[in-house]
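Trainee: Please find upload-v6.cif (mmCIF, C-alpha atoms (C1' of nucleotides)) on the next line:
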```cif
data_entry
loop_
_atom_site.label_atom_id
_atom_site.label_comp_id
_atom_site.auth_asym_id
_atom_site.auth_seq_id
_atom_site.Cartn_x
_atom_site.Cartn_y
_atom_site.Cartn_z
CA MET A 1 144.38 120.53 109.36
CA GLY A 2 146.17 118.66 106.57
CA ASP A 3 144.97 119.03 103.04
CA THR A 4 144.37 115.30 102.85
CA GLN A 5 141.98 115.33 105.76
CA LEU A 6 140.34 118.47 104.43
CA LEU A 7 139.85 116.82 101.03
CA ASP A 8 138.44 113.72 102.73
CA ARG A 9 135.84 115.81 104.48
CA ALA A 10 135.10 118.13 101.58
CA PHE A 11 134.45 115.32 99.13
CA ALA A 12 132.47 113.38 101.70
CA ALA A 13 130.45 116.51 102.45
CA LEU A 14 129.49 117.01 98.80
CA ALA A 15 128.64 113.33 98.38
CA ASP A 16 125.26 114.04 100.00
CA PRO A 17 122.62 115.60 97.72
CA THR A 18 121.05 117.57 100.57
CA ARG A 19 124.41 119.10 101.41
CA ARG A 20 125.10 119.88 97.76
CA ASP A 21 121.76 121.64 97.66
CA LEU A 22 122.69 123.63 100.74
CA VAL A 23 125.91 124.68 99.03
CA ALA A 24 124.00 125.69 95.91
CA ARG A 25 121.69 127.86 97.97
CA LEU A 26 124.53 129.37 99.99
CA ALA A 27 126.25 130.35 96.75
CA VAL A 28 123.34 132.74 96.17
CA ALA A 29 123.13 134.17 99.66
CA ASP A 30 124.20 133.56 103.25
CA ALA A 31 121.48 132.06 105.41
CA THR A 32 120.79 130.89 108.94
CA VAL A 33 120.31 127.23 109.76
CA GLY A 34 116.62 127.91 110.25
CA GLU A 35 116.25 129.43 106.81
CA LEU A 36 118.24 126.60 105.29
CA ALA A 37 116.12 123.95 106.99
CA GLU A 38 112.79 125.38 105.92
CA PRO A 39 112.39 123.76 102.45
CA TYR A 40 113.23 120.22 103.53
CA ASP A 41 110.89 117.85 105.29
CA VAL A 42 113.52 116.49 107.62
CA SER A 43 114.00 117.72 111.15
CA PHE A 44 115.69 121.02 111.83
CA GLN A 45 118.42 119.20 113.76
CA ALA A 46 119.25 117.05 110.77
CA ILE A 47 120.05 120.20 108.75
CA SER A 48 122.04 121.57 111.67
CA LYS A 49 124.14 118.40 111.48
CA HIS A 50 124.57 118.79 107.72
CA VAL A 51 125.79 122.34 108.20
CA LYS A 52 128.22 121.12 110.83
CA VAL A 53 129.61 118.60 108.35
CA LEU A 54 130.07 121.36 105.78
CA GLU A 55 131.75 123.51 108.40
CA GLU A 56 134.19 120.79 109.46
CA ALA A 57 135.04 120.32 105.78
CA GLY A 58 135.93 124.02 105.59
CA LEU A 59 133.21 124.56 103.01
CA VAL A 60 131.28 127.05 105.13
CA THR A 61 131.98 129.39 108.00
CA ARG A 62 129.66 130.94 110.54
CA SER A 63 129.66 134.30 112.20
CA ARG A 64 127.57 135.40 115.12
CA ASP A 65 124.94 138.07 114.74
CA ALA A 66 122.92 138.14 117.96
CA GLN A 67 121.11 134.78 118.20
CA ARG A 68 121.57 134.18 114.51
CA ARG A 69 124.54 132.26 113.14
CA PRO A 70 124.60 133.11 109.45
CA VAL A 71 126.24 130.42 107.34
CA HIS A 72 128.61 131.58 104.65
CA LEU A 73 130.02 129.58 101.73
CA ASN A 74 133.83 129.46 101.58
CA ALA A 75 135.12 129.61 98.00
CA GLU A 76 138.64 128.57 99.03
CA ALA A 77 137.52 125.08 99.97
CA LEU A 78 135.91 124.75 96.55
CA ASP A 79 139.23 125.85 95.04
CA LEU A 80 141.06 123.17 96.97
CA MET A 81 138.75 120.53 95.48
CA THR A 82 138.89 121.74 91.88
CA GLY A 83 142.65 122.12 92.28
CA TRP A 84 142.96 118.47 93.19
CA ILE A 85 140.64 117.24 90.45
CA GLU A 86 142.01 119.48 87.70
CA ARG A 87 145.55 118.34 88.35
CA TYR A 88 144.72 114.77 87.45
CA ARG A 89 142.24 115.63 84.74
CA ARG A 90 144.98 117.60 82.99
CA GLU A 91 147.41 114.75 83.48
CA VAL A 92 145.15 112.13 81.97
CA GLU A 93 144.15 114.41 79.10
CA ALA A 94 147.80 115.15 78.34
CA ARG A 95 148.25 111.39 78.19
CA TYR A 96 145.37 111.08 75.71
CA ARG A 97 146.98 113.76 73.57
CA ARG A 98 150.31 111.96 73.58
CA LEU A 99 148.54 108.79 72.51
CA ASP A 100 146.74 110.69 69.76
CA ASP A 101 150.06 112.15 68.62
CA LEU A 102 151.55 108.70 68.55
CA LEU A 103 148.71 107.40 66.45
CA ALA A 104 148.91 110.44 64.19
CA ARG A 105 152.63 109.89 63.80
CA ALA A 106 152.04 106.27 62.89
CA ALA A 107 149.52 107.46 60.34
CA GLY A 108 152.15 109.98 59.22
CA ASP A 109 154.62 107.12 58.70
CA ASP A 110 152.01 105.53 56.48
CA GLU A 111 151.87 108.82 54.60
CA ASP A 112 155.67 108.75 54.20
CA ARG A 113 155.33 105.46 52.46
CA ARG A 114 152.35 106.62 50.39
CA PRO A 115 153.30 110.29 50.21
CA ASP A 116 150.12 111.60 48.73
CA LYS A 117 147.14 112.62 50.89
CA GLU A 118 147.74 114.83 53.94
CA GLN A 119 145.56 115.70 56.98
CA ALA A 120 142.88 113.09 56.52
CA SER A 121 140.60 115.44 58.45
CA MET B 1 122.21 107.14 85.52
CA GLY B 2 121.16 110.60 86.70
CA ASP B 3 123.81 113.22 87.21
CA THR B 4 122.74 113.56 90.82
CA GLN B 5 123.40 109.92 91.57
CA LEU B 6 126.62 110.07 89.58
CA LEU B 7 127.76 113.09 91.60
CA ASP B 8 126.82 111.32 94.83
CA ARG B 9 129.02 108.41 93.92
CA ALA B 10 131.86 110.42 92.41
CA PHE B 11 132.21 112.68 95.45
CA ALA B 12 131.86 109.74 97.82
CA ALA B 13 134.48 107.85 95.82
CA LEU B 14 137.02 110.65 96.10
CA ALA B 15 136.32 111.10 99.81
CA ASP B 16 138.60 108.14 100.51
CA PRO B 17 142.35 108.88 100.45
CA THR B 18 143.22 105.44 99.10
CA ARG B 19 140.83 105.93 96.19
CA ARG B 20 142.22 109.41 95.53
CA ASP B 21 145.67 107.87 95.42
CA LEU B 22 144.43 105.27 92.93
CA VAL B 23 143.07 108.06 90.75
CA ALA B 24 146.36 109.93 90.97
CA ARG B 25 148.24 106.85 89.83
CA LEU B 26 145.76 106.07 87.07
CA ALA B 27 146.21 109.60 85.73
CA VAL B 28 149.78 108.61 84.92
CA ALA B 29 149.06 105.23 83.40
CA ASP B 30 146.41 102.53 83.17
CA ALA B 31 147.01 99.61 85.50
CA THR B 32 145.55 96.29 86.52
CA VAL B 33 144.00 95.75 89.93
CA GLY B 34 147.03 93.69 90.93
CA GLU B 35 149.43 96.46 90.03
CA LEU B 36 147.26 98.98 91.81
CA ALA B 37 147.09 96.86 94.96
CA GLU B 38 150.81 96.22 95.23
CA PRO B 39 151.93 99.39 97.14
CA TYR B 40 149.28 99.20 99.87
CA ASP B 41 149.38 96.90 102.85
CA VAL B 42 145.71 96.07 102.71
CA SER B 43 144.32 92.96 101.09
CA PHE B 44 144.08 92.64 97.36
CA GLN B 45 140.29 92.30 97.67
CA ALA B 46 140.04 95.62 99.45
CA ILE B 47 141.63 97.35 96.45
CA SER B 48 139.35 95.42 94.12
CA LYS B 49 136.42 96.88 96.07
CA HIS B 50 137.87 100.38 95.84
CA VAL B 51 138.23 100.03 92.08
CA LYS B 52 134.64 98.85 91.88
CA VAL B 53 133.51 101.95 93.77
CA LEU B 54 135.44 104.14 91.32
CA GLU B 55 133.90 102.24 88.42
CA GLU B 56 130.33 102.65 89.71
CA ALA B 57 131.05 106.36 90.10
CA GLY B 58 131.99 106.51 86.42
CA LEU B 59 135.50 107.62 87.34
CA VAL B 60 137.10 104.56 85.85
CA THR B 61 136.41 102.04 83.10
CA ARG B 62 137.85 98.61 82.43
CA SER B 63 138.58 96.78 79.22
CA ARG B 64 139.40 93.14 78.82
CA ASP B 65 142.82 92.14 77.60
CA ALA B 66 143.21 88.38 78.06
CA GLN B 67 143.11 87.69 81.83
CA ARG B 68 144.04 91.25 82.58
CA ARG B 69 141.42 93.93 83.17
CA PRO B 70 143.29 97.20 82.80
CA VAL B 71 141.71 100.06 84.71
CA HIS B 72 141.47 103.37 82.90
CA LEU B 73 140.74 106.82 84.35
CA ASN B 74 137.74 108.59 82.82
CA ALA B 75 138.31 112.34 82.45
CA GLU B 76 134.63 113.03 81.77
CA ALA B 77 133.61 112.10 85.30
CA LEU B 78 136.22 114.53 86.61
CA ASP B 79 134.71 117.17 84.31
CA LEU B 80 131.28 116.52 85.76
CA MET B 81 132.61 117.18 89.25
CA THR B 82 134.57 120.33 88.44
CA GLY B 83 131.58 121.53 86.44
CA TRP B 84 129.38 121.27 89.49
CA ILE B 85 131.87 122.87 91.85
CA GLU B 86 132.93 125.66 89.52
CA ARG B 87 129.36 126.76 88.95
CA TYR B 88 128.89 127.61 92.60
CA ARG B 89 132.40 128.85 93.15
CA ARG B 90 131.86 131.39 90.38
CA GLU B 91 128.50 132.34 91.83
CA VAL B 92 129.81 133.00 95.30
CA GLU B 93 132.82 134.89 93.96
CA ALA B 94 130.61 137.07 91.84
CA ARG B 95 128.69 137.81 95.01
CA TYR B 96 131.91 138.79 96.80
CA ARG B 97 132.74 141.14 93.95
CA ARG B 98 129.33 142.78 94.14
CA LEU B 99 129.82 143.26 97.88
CA ASP B 100 133.26 144.74 97.31
CA ASP B 101 131.81 147.11 94.73
CA LEU B 102 129.13 148.13 97.18
CA LEU B 103 131.69 148.85 99.88
CA ALA B 104 133.87 150.73 97.42
CA ARG B 105 130.90 152.81 96.39
CA ALA B 106 130.08 153.52 100.06
CA ALA B 107 133.69 154.59 100.57
CA GLY B 108 133.32 156.82 97.52
CA ASP B 109 130.27 158.44 99.12
CA ASP B 110 132.36 159.10 102.23
CA GLU B 111 134.91 160.76 100.04
CA ASP B 112 132.20 162.98 98.59
CA ARG B 113 131.39 164.20 102.06
CA ARG B 114 134.96 164.47 103.38
CA PRO B 115 136.84 164.99 100.19
CA ASP B 116 140.26 164.95 101.77
CA LYS B 117 142.07 161.78 102.91
CA GLU B 118 142.12 158.85 100.56
CA GLN B 119 142.99 155.15 101.15
CA ALA B 120 143.38 155.22 104.94
CA SER B 121 145.57 152.11 104.46
"C1'" DA C 1 142.81 68.34 81.76
"C1'" DT C 2 145.13 70.53 85.34
"C1'" DC C 3 147.62 74.43 87.06
"C1'" DG C 4 148.83 79.21 88.17
"C1'" DT C 5 147.37 83.87 87.59
"C1'" DT C 6 144.07 87.42 88.05
"C1'" DG C 7 140.18 89.00 89.81
"C1'" DT C 8 135.32 88.89 91.91
"C1'" DC C 9 131.72 87.33 95.21
"C1'" DA C 10 129.89 86.35 99.86
"C1'" DA C 11 129.70 86.64 104.65
"C1'" DC C 12 131.07 88.82 108.47
"C1'" DC C 13 132.90 92.72 111.78
"C1'" DG C 14 133.50 97.31 113.87
"C1'" DA C 15 133.05 102.16 112.84
"C1'" DT C 16 130.71 105.83 110.74
"C1'" DT C 17 126.57 108.11 108.78
"C1'" DG C 18 121.99 110.25 108.29
"C1'" DG C 19 118.06 110.29 110.56
"C1'" DT C 20 115.05 110.64 114.82
"C1'" DT C 21 113.49 112.75 119.56
"C1'" DG C 22 114.32 115.16 123.75
"C1'" DA C 23 116.87 118.26 126.55
"C1'" DA C 24 119.78 122.21 127.08
"C1'" DG C 25 122.59 126.54 125.83
"C1'" DA C 26 122.94 131.33 124.23
"C1'" DA C 27 121.23 135.78 123.30
"C1'" DG C 28 117.83 139.50 122.99
"C1'" DG C 29 112.84 141.43 124.31
"C1'" DG C 30 109.14 141.97 127.78
"C1'" DC D 1 114.02 137.88 135.84
"C1'" DC D 2 111.35 135.04 132.68
"C1'" DC D 3 110.06 134.02 127.89
"C1'" DT D 4 110.74 133.30 123.24
"C1'" DT D 5 113.86 132.36 119.41
"C1'" DC D 6 117.60 130.13 117.23
"C1'" DT D 7 120.70 126.62 117.65
"C1'" DT D 8 123.41 122.76 119.38
"C1'" DC D 9 124.21 118.48 122.20
"C1'" DA D 10 123.11 113.61 123.52
"C1'" DA D 11 121.35 109.22 122.92
"C1'" DC D 12 119.65 106.06 120.01
"C1'" DC D 13 118.52 103.35 115.45
"C1'" DA D 14 119.05 101.34 110.84
"C1'" DA D 15 122.00 101.47 106.97
"C1'" DT D 16 126.31 101.94 104.79
"C1'" DC D 17 131.39 101.58 104.63
"C1'" DG D 18 136.15 99.84 104.70
"C1'" DG D 19 138.30 96.08 106.01
"C1'" DT D 20 138.98 90.96 106.67
"C1'" DT D 21 138.97 85.80 105.12
"C1'" DG D 22 137.49 82.08 102.23
"C1'" DA D 23 135.49 80.28 98.15
"C1'" DC D 24 134.99 80.55 93.25
"C1'" DA D 25 135.08 82.21 88.28
"C1'" DA D 26 137.71 83.25 83.97
"C1'" DC D 27 141.50 82.76 81.23
"C1'" DG D 28 146.32 81.22 79.42
"C1'" DA D 29 150.02 78.14 79.76
"C1'" DT D 30 151.87 73.53 80.18
#
```
Would you give me this structure, written as C-alpha coordinates?

Mentor:
Amino acid sequence: MGDTQLLDRAFAALADPTRRDLVARLAVADATVGELAEPYDVSFQAISKHVKVLEEAGLVTRSRDAQRRPVHLNAEALDLMTGWIERYRREVEARYRRLDDLLARAAGDDEDRRPDKEQAS
Amino acid sequence: MGDTQLLDRAFAALADPTRRDLVARLAVADATVGELAEPYDVSFQAISKHVKVLEEAGLVTRSRDAQRRPVHLNAEALDLMTGWIERYRREVEARYRRLDDLLARAAGDDEDRRPDKEQAS
DNA sequence: ATCGTTGTCAACCGATTGGTTGAAGAAGGG
DNA sequence: CCCTTCTTCAACCAATCGGTTGACAACGAT
(Lines of atoms letter the chains of each structure in order from A and count residues from 1; the text may use other names and numbers.)
(Lines give C-alpha, C1' and ligand atoms only; values in the text may rest on other atoms or scores of the structure.)
Protein backbone atom coordinates (compact mmCIF):
# COMPACT_ATOMS: atom_id res chain seq x y z
CA MET A 1 0.00 0.00 0.00
CA GLY A 2 1.19 3.53 -0.76
CA ASP A 3 2.49 5.66 2.04
CA THR A 4 -0.18 8.24 1.32
CA GLN A 5 -2.98 5.78 1.85
CA LEU A 6 -1.22 4.39 4.91
CA LEU A 7 -0.89 7.89 6.36
CA ASP A 8 -4.56 8.57 5.60
CA ARG A 9 -5.56 5.52 7.58
CA ALA A 10 -3.04 5.94 10.37
CA PHE A 11 -4.03 9.53 11.10
CA ALA A 12 -7.71 8.70 10.79
CA ALA A 13 -7.21 5.75 13.14
CA LEU A 14 -5.62 7.92 15.84
CA ALA A 15 -8.30 10.59 15.45
CA ASP A 16 -10.59 8.47 17.65
CA PRO A 17 -9.96 8.69 21.41
CA THR A 18 -10.99 5.08 21.99
CA ARG A 19 -8.48 3.91 19.41
CA ARG A 20 -5.77 6.12 20.88
CA ASP A 21 -6.50 4.53 24.23
CA LEU A 22 -6.20 1.09 22.68
CA VAL A 23 -2.81 2.07 21.28
CA ALA A 24 -1.70 3.37 24.67
CA ARG A 25 -2.65 0.09 26.29
CA LEU A 26 -1.03 -1.99 23.56
CA ALA A 27 2.20 -0.07 24.06
CA VAL A 28 2.37 -1.67 27.51
CA ALA A 29 1.45 -5.20 26.50
CA ASP A 30 -0.11 -7.23 23.70
CA ALA A 31 -3.73 -8.16 24.34
CA THR A 32 -6.63 -10.02 22.79
CA VAL A 33 -9.69 -8.21 21.51
CA GLY A 34 -11.62 -9.54 24.49
CA GLU A 35 -9.14 -8.13 26.97
CA LEU A 36 -9.08 -4.83 25.11
CA ALA A 37 -12.86 -4.58 25.09
CA GLU A 38 -13.33 -5.24 28.78
CA PRO A 39 -12.88 -1.69 30.20
CA TYR A 40 -15.24 0.04 27.78
CA ASP A 41 -19.00 0.04 28.00
CA VAL A 42 -19.53 -0.35 24.29
CA SER A 43 -20.19 -3.67 22.63
CA PHE A 44 -17.42 -6.16 22.09
CA GLN A 45 -17.99 -5.94 18.33
CA ALA A 46 -17.42 -2.21 18.35
CA ILE A 47 -13.92 -2.76 19.77
CA SER A 48 -13.32 -5.52 17.24
CA LYS A 49 -14.08 -2.94 14.54
CA HIS A 50 -11.72 -0.43 16.14
CA VAL A 51 -8.94 -3.00 16.16
CA LYS A 52 -9.64 -3.74 12.52
CA VAL A 53 -9.26 -0.04 11.71
CA LEU A 54 -5.92 0.02 13.53
CA GLU A 55 -4.85 -3.10 11.66
CA GLU A 56 -5.75 -1.68 8.24
CA ALA A 57 -3.74 1.42 9.17
CA GLY A 58 -0.73 -0.82 9.82
CA LEU A 59 -0.66 0.30 13.44
CA VAL A 60 -1.20 -3.19 14.84
CA THR A 61 -0.70 -6.75 13.70
CA ARG A 62 -2.28 -9.96 14.89
CA SER A 63 -0.92 -13.44 15.26
CA ARG A 64 -2.86 -16.58 15.92
CA ASP A 65 -2.45 -18.48 19.15
CA ALA A 66 -5.16 -21.15 19.25
CA GLN A 67 -8.51 -19.30 19.43
CA ARG A 68 -6.80 -16.16 20.63
CA ARG A 69 -5.67 -13.46 18.23
CA PRO A 70 -3.25 -11.35 20.24
CA VAL A 71 -3.00 -7.77 19.01
CA HIS A 72 0.44 -6.28 18.79
CA LEU A 73 1.40 -2.62 18.36
CA ASN A 74 3.59 -1.89 15.33
CA ALA A 75 6.20 0.78 16.05
CA GLU A 76 7.04 1.23 12.37
CA ALA A 77 3.67 2.75 11.60
CA LEU A 78 4.22 5.22 14.43
CA ASP A 79 7.59 6.04 12.87
CA LEU A 80 5.94 6.71 9.54
CA MET A 81 3.64 9.24 11.20
CA THR A 82 6.29 11.06 13.23
CA GLY A 83 8.50 11.04 10.15
CA TRP A 84 5.86 12.89 8.19
CA ILE A 85 5.08 15.38 10.95
CA GLU A 86 8.69 16.05 11.94
CA ARG A 87 9.66 16.85 8.39
CA TYR A 88 7.31 19.79 8.25
CA ARG A 89 7.78 20.82 11.85
CA ARG A 90 11.50 21.14 11.16
CA GLU A 91 10.81 23.06 7.99
CA VAL A 92 8.55 25.60 9.63
CA GLU A 93 10.88 25.99 12.60
CA ALA A 94 13.84 26.56 10.28
CA ARG A 95 11.73 29.27 8.68
CA TYR A 96 11.10 30.87 12.09
CA ARG A 97 14.83 30.83 12.75
CA ARG A 98 15.57 32.51 9.44
CA LEU A 99 13.02 35.18 10.28
CA ASP A 100 14.58 35.63 13.71
CA ASP A 101 18.01 35.94 12.09
CA LEU A 102 16.66 38.52 9.73
CA LEU A 103 15.22 40.53 12.58
CA ALA A 104 18.43 40.14 14.55
CA ARG A 105 20.40 41.31 11.55
CA ALA A 106 18.16 44.33 11.20
CA ALA A 107 18.75 45.02 14.88
CA GLY A 108 22.46 44.50 14.17
CA ASP A 109 22.28 47.16 11.44
CA ASP A 110 20.85 49.47 14.06
CA GLU A 111 23.83 48.59 16.21
CA ASP A 112 26.17 49.46 13.32
CA ARG A 113 24.71 52.89 13.29
CA ARG A 114 24.76 53.19 17.09
CA PRO A 115 27.79 50.97 17.68
CA ASP A 116 27.54 50.71 21.41
CA LYS A 117 25.42 48.03 23.13
CA GLU A 118 25.69 44.42 21.94
CA GLN A 119 23.49 41.33 22.54
CA ALA A 120 20.49 43.05 24.01
CA SER A 121 19.74 39.74 25.74
CA MET B 1 -9.66 23.18 24.67
CA GLY B 2 -8.59 19.84 26.15
CA ASP B 3 -5.62 18.07 24.67
CA THR B 4 -7.80 15.07 23.92
CA GLN B 5 -10.16 17.09 21.77
CA LEU B 6 -7.22 18.88 20.17
CA LEU B 7 -5.60 15.54 19.34
CA ASP B 8 -8.90 14.27 17.93
CA ARG B 9 -9.07 17.20 15.59
CA ALA B 10 -5.38 17.33 14.72
CA PHE B 11 -5.21 13.66 13.76
CA ALA B 12 -8.50 13.88 11.88
CA ALA B 13 -7.24 16.97 10.08
CA LEU B 14 -4.09 15.23 8.87
CA ALA B 15 -6.04 12.15 7.81
CA ASP B 16 -7.00 13.96 4.61
CA PRO B 17 -4.33 14.03 1.87
CA THR B 18 -5.40 17.46 0.62
CA ARG B 19 -5.01 18.90 4.12
CA ARG B 20 -1.62 17.21 4.53
CA ASP B 21 -0.58 18.82 1.27
CA LEU B 22 -1.76 22.20 2.56
CA VAL B 23 0.35 21.71 5.67
CA ALA B 24 3.36 20.75 3.56
CA ARG B 25 3.00 23.92 1.52
CA LEU B 26 2.44 26.09 4.58
CA ALA B 27 5.65 24.74 6.08
CA VAL B 28 7.47 26.50 3.25
CA ALA B 29 5.61 29.78 3.40
CA ASP B 30 2.44 31.40 4.70
CA ALA B 31 -0.27 31.77 2.09
CA THR B 32 -3.78 33.07 1.62
CA VAL B 33 -6.72 30.75 1.05
CA GLY B 34 -6.80 31.84 -2.59
CA GLU B 35 -3.17 30.97 -3.13
CA LEU B 36 -3.66 27.67 -1.36
CA ALA B 37 -6.70 26.80 -3.47
CA GLU B 38 -5.11 27.56 -6.82
CA PRO B 39 -3.35 24.19 -7.54
CA TYR B 40 -6.35 21.97 -6.79
CA ASP B 41 -9.27 21.38 -9.10
CA VAL B 42 -11.85 21.53 -6.36
CA SER B 43 -13.87 24.60 -5.54
CA PHE B 44 -12.37 27.49 -3.67
CA GLN B 45 -14.92 26.96 -0.88
CA ALA B 46 -13.79 23.39 -0.39
CA ILE B 47 -10.27 24.61 0.38
CA SER B 48 -11.68 27.28 2.66
CA LYS B 49 -13.38 24.48 4.60
CA HIS B 50 -10.15 22.49 4.75
CA VAL B 51 -8.31 25.50 6.14
CA LYS B 52 -11.05 25.92 8.73
CA VAL B 53 -10.62 22.31 9.80
CA LEU B 54 -6.87 22.87 10.18
CA GLU B 55 -7.55 26.04 12.16
CA GLU B 56 -9.97 24.32 14.55
CA ALA B 57 -7.34 21.63 15.08
CA GLY B 58 -4.88 24.33 16.14
CA LEU B 59 -2.59 23.41 13.25
CA VAL B 60 -2.93 26.77 11.62
CA THR B 61 -3.60 30.37 12.63
CA ARG B 62 -4.67 33.38 10.60
CA SER B 63 -3.85 37.04 10.92
CA ARG B 64 -5.54 39.90 9.18
CA ASP B 65 -3.62 41.94 6.67
CA ALA B 66 -6.07 44.21 4.83
CA GLN B 67 -8.45 41.93 2.86
CA ARG B 68 -5.97 39.11 2.98
CA ARG B 69 -6.03 36.51 5.75
CA PRO B 70 -2.64 34.83 5.54
CA VAL B 71 -2.63 31.29 6.90
CA HIS B 72 0.27 30.33 9.10
CA LEU B 73 1.38 26.85 10.19
CA ASN B 74 1.56 26.34 13.95
CA ALA B 75 4.51 24.15 14.97
CA GLU B 76 3.18 23.66 18.51
CA ALA B 77 0.25 21.59 17.31
CA LEU B 78 2.68 19.37 15.42
CA ASP B 79 4.66 19.03 18.65
CA LEU B 80 1.55 17.93 20.50
CA MET B 81 1.02 15.15 17.97
CA THR B 82 4.59 13.89 17.88
CA GLY B 83 4.65 14.10 21.67
CA TRP B 84 1.69 11.76 21.88
CA ILE B 85 3.00 9.32 19.29
CA GLU B 86 6.58 9.27 20.53
CA ARG B 87 5.52 8.44 24.06
CA TYR B 88 4.00 5.16 22.98
CA ARG B 89 6.55 4.42 20.32
CA ARG B 90 9.27 4.63 22.96
CA GLU B 91 7.23 2.47 25.30
CA VAL B 92 6.70 -0.31 22.81
CA GLU B 93 10.32 -0.19 21.68
CA ALA B 94 11.52 -0.44 25.24
CA ARG B 95 9.32 -3.51 25.51
CA TYR B 96 10.92 -5.01 22.40
CA ARG B 97 14.34 -4.42 23.92
CA ARG B 98 13.35 -6.15 27.15
CA LEU B 99 12.10 -9.11 25.12
CA ASP B 100 15.32 -9.21 23.13
CA ASP B 101 17.31 -9.15 26.36
CA LEU B 102 15.22 -11.99 27.70
CA LEU B 103 15.82 -14.07 24.58
CA ALA B 104 19.51 -13.25 24.66
CA ARG B 105 19.66 -14.33 28.28
CA ALA B 106 17.84 -17.59 27.42
CA ALA B 107 20.36 -18.17 24.63
CA GLY B 108 23.11 -17.52 27.17
CA ASP B 109 21.61 -20.20 29.42
CA ASP B 110 21.70 -22.60 26.47
CA GLU B 111 25.34 -21.78 26.04
CA ASP B 112 25.94 -22.61 29.70
CA ARG B 113 24.54 -26.07 29.10
CA ARG B 114 26.12 -26.69 25.69
CA PRO B 115 29.13 -24.48 25.88
CA ASP B 116 30.29 -25.11 22.35
CA LYS B 117 28.70 -23.54 19.25
CA GLU B 118 27.99 -19.85 19.33
CA GLN B 119 25.79 -17.66 17.06
CA ALA B 120 24.18 -20.39 14.95
CA SER B 121 23.65 -17.63 12.34
C1' DA C 1 -21.18 55.01 -3.57
C1' DT C 2 -20.19 51.28 -6.39
C1' DC C 3 -17.07 47.75 -7.88
C1' DG C 4 -13.82 43.88 -7.73
C1' DT C 5 -11.34 40.95 -4.66
C1' DT C 6 -11.16 37.75 -1.00
C1' DG C 7 -13.24 34.86 1.85
C1' DT C 8 -17.15 32.73 4.71
C1' DC C 9 -21.87 30.89 5.49
C1' DA C 10 -25.87 27.93 4.39
C1' DA C 11 -28.16 24.24 2.34
C1' DC C 12 -27.85 20.20 0.16
C1' DC C 13 -25.90 15.42 -1.56
C1' DG C 14 -23.61 10.89 -1.46
C1' DA C 15 -20.20 8.30 1.08
C1' DT C 16 -18.12 7.01 5.25
C1' DT C 17 -18.05 6.31 10.31
C1' DG C 18 -19.04 4.57 14.98
C1' DG C 19 -22.40 2.35 17.07
C1' DT C 20 -26.02 -1.40 17.57
C1' DT C 21 -27.90 -6.48 17.28
C1' DG C 22 -27.93 -11.01 15.43
C1' DA C 23 -25.83 -14.78 13.11
C1' DA C 24 -21.85 -17.42 11.88
C1' DG C 25 -16.80 -19.05 11.71
C1' DA C 26 -12.69 -21.08 13.87
C1' DA C 27 -10.31 -23.65 17.23
C1' DG C 28 -9.70 -26.42 21.41
C1' DG C 29 -11.97 -29.38 25.46
C1' DG C 30 -15.47 -32.78 26.96
C1' DC D 1 -19.31 -35.16 17.74
C1' DC D 2 -21.13 -31.33 20.42
C1' DC D 3 -20.16 -27.36 23.41
C1' DT D 4 -17.93 -23.40 24.85
C1' DT D 5 -14.85 -19.57 23.85
C1' DC D 6 -13.07 -15.95 21.11
C1' DT D 7 -13.78 -13.45 17.19
C1' DT D 8 -15.59 -11.71 12.84
C1' DC D 9 -19.31 -10.75 9.37
C1' DA D 10 -23.76 -8.57 7.92
C1' DA D 11 -27.33 -5.42 8.11
C1' DC D 12 -28.92 -1.41 9.78
C1' DC D 13 -29.08 3.57 11.95
C1' DA D 14 -27.80 8.33 13.04
C1' DA D 15 -24.09 11.46 12.56
C1' DT D 16 -20.22 13.32 10.30
C1' DC D 17 -17.46 14.40 6.17
C1' DG D 18 -15.89 16.19 1.69
C1' DG D 19 -17.74 18.09 -1.97
C1' DT D 20 -21.01 21.17 -4.61
C1' DT D 21 -23.60 25.78 -5.65
C1' DG D 22 -25.45 30.17 -4.36
C1' DA D 23 -25.74 34.06 -1.41
C1' DC D 24 -23.43 37.35 1.44
C1' DA D 25 -19.83 39.84 4.33
C1' DA D 26 -15.51 42.62 4.64
C1' DC D 27 -12.29 45.47 2.74
C1' DG D 28 -9.62 48.50 -0.80
C1' DA D 29 -9.66 50.85 -5.02
C1' DT D 30 -11.80 53.93 -8.30

Trainee: Check which residues satisfy the PyMOL selection byres ((chain C) within 12 of (chain A)) in the file shown, then give them as a list of chain:residue names.

Mentor: C:DT16, C:DT17, C:DG18, C:DG19, C:DT20, C:DT21, C:DG22, C:DG25, C:DA26, C:DA27, C:DG28

Trainee: With the PyMOL selection byres ((chain B) within 12 of (chain A)) as the selection, what would be picked from this file? Answer as an MDAnalysis selection string, please.

Mentor: chainID B and resid 3:30 57 59:60 72:96 98:99

Trainee: Any chance you could work out the residue set of the PyMOL selection byres ((chain D) within 10 of (chain B)) here, as a PyMOL selection string?

Mentor: chain D and resi 18-21+26-28

Trainee: Could you state the separation of C1' of DC13 in chain D and CA of Thr32 in chain A in Å, given to one decimal place?

Mentor: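 According to the coordinates, C1' of DC13 in chain D and CA of Thr32 in chain A are separated by 28.4 Å.
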
Trainee: CA of Arg62 in chain A and CA of Gly34 in chain A are how many Å apart?

Mentor: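 Taking CA of Arg62 in chain A as the start and CA of Gly34 in chain A as the end point, the length is 13.4 Å.
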
Trainee: Please measure the separation of CA of Lys52 in chain B and C1' of DA23 in chain D, giving the value in Å to one decimal.

Mentor: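 Answer for the CA of Lys52 in chain B to C1' of DA23 in chain D separation: 19.6 Å.
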
Trainee: Produce the centre coordinates and the three edge lengths, each in Å to one decimal, of the box along x, y and z that contains all listed atoms of range 10-18 of chain D with 5 Å added on each side, as lines of an AutoDock Vina configuration file.

Mentor:
```
center_x = 127.3
center_y = 106.7
center_z = 114.1
size_x = 27.6
size_y = 23.8
size_z = 28.9
```
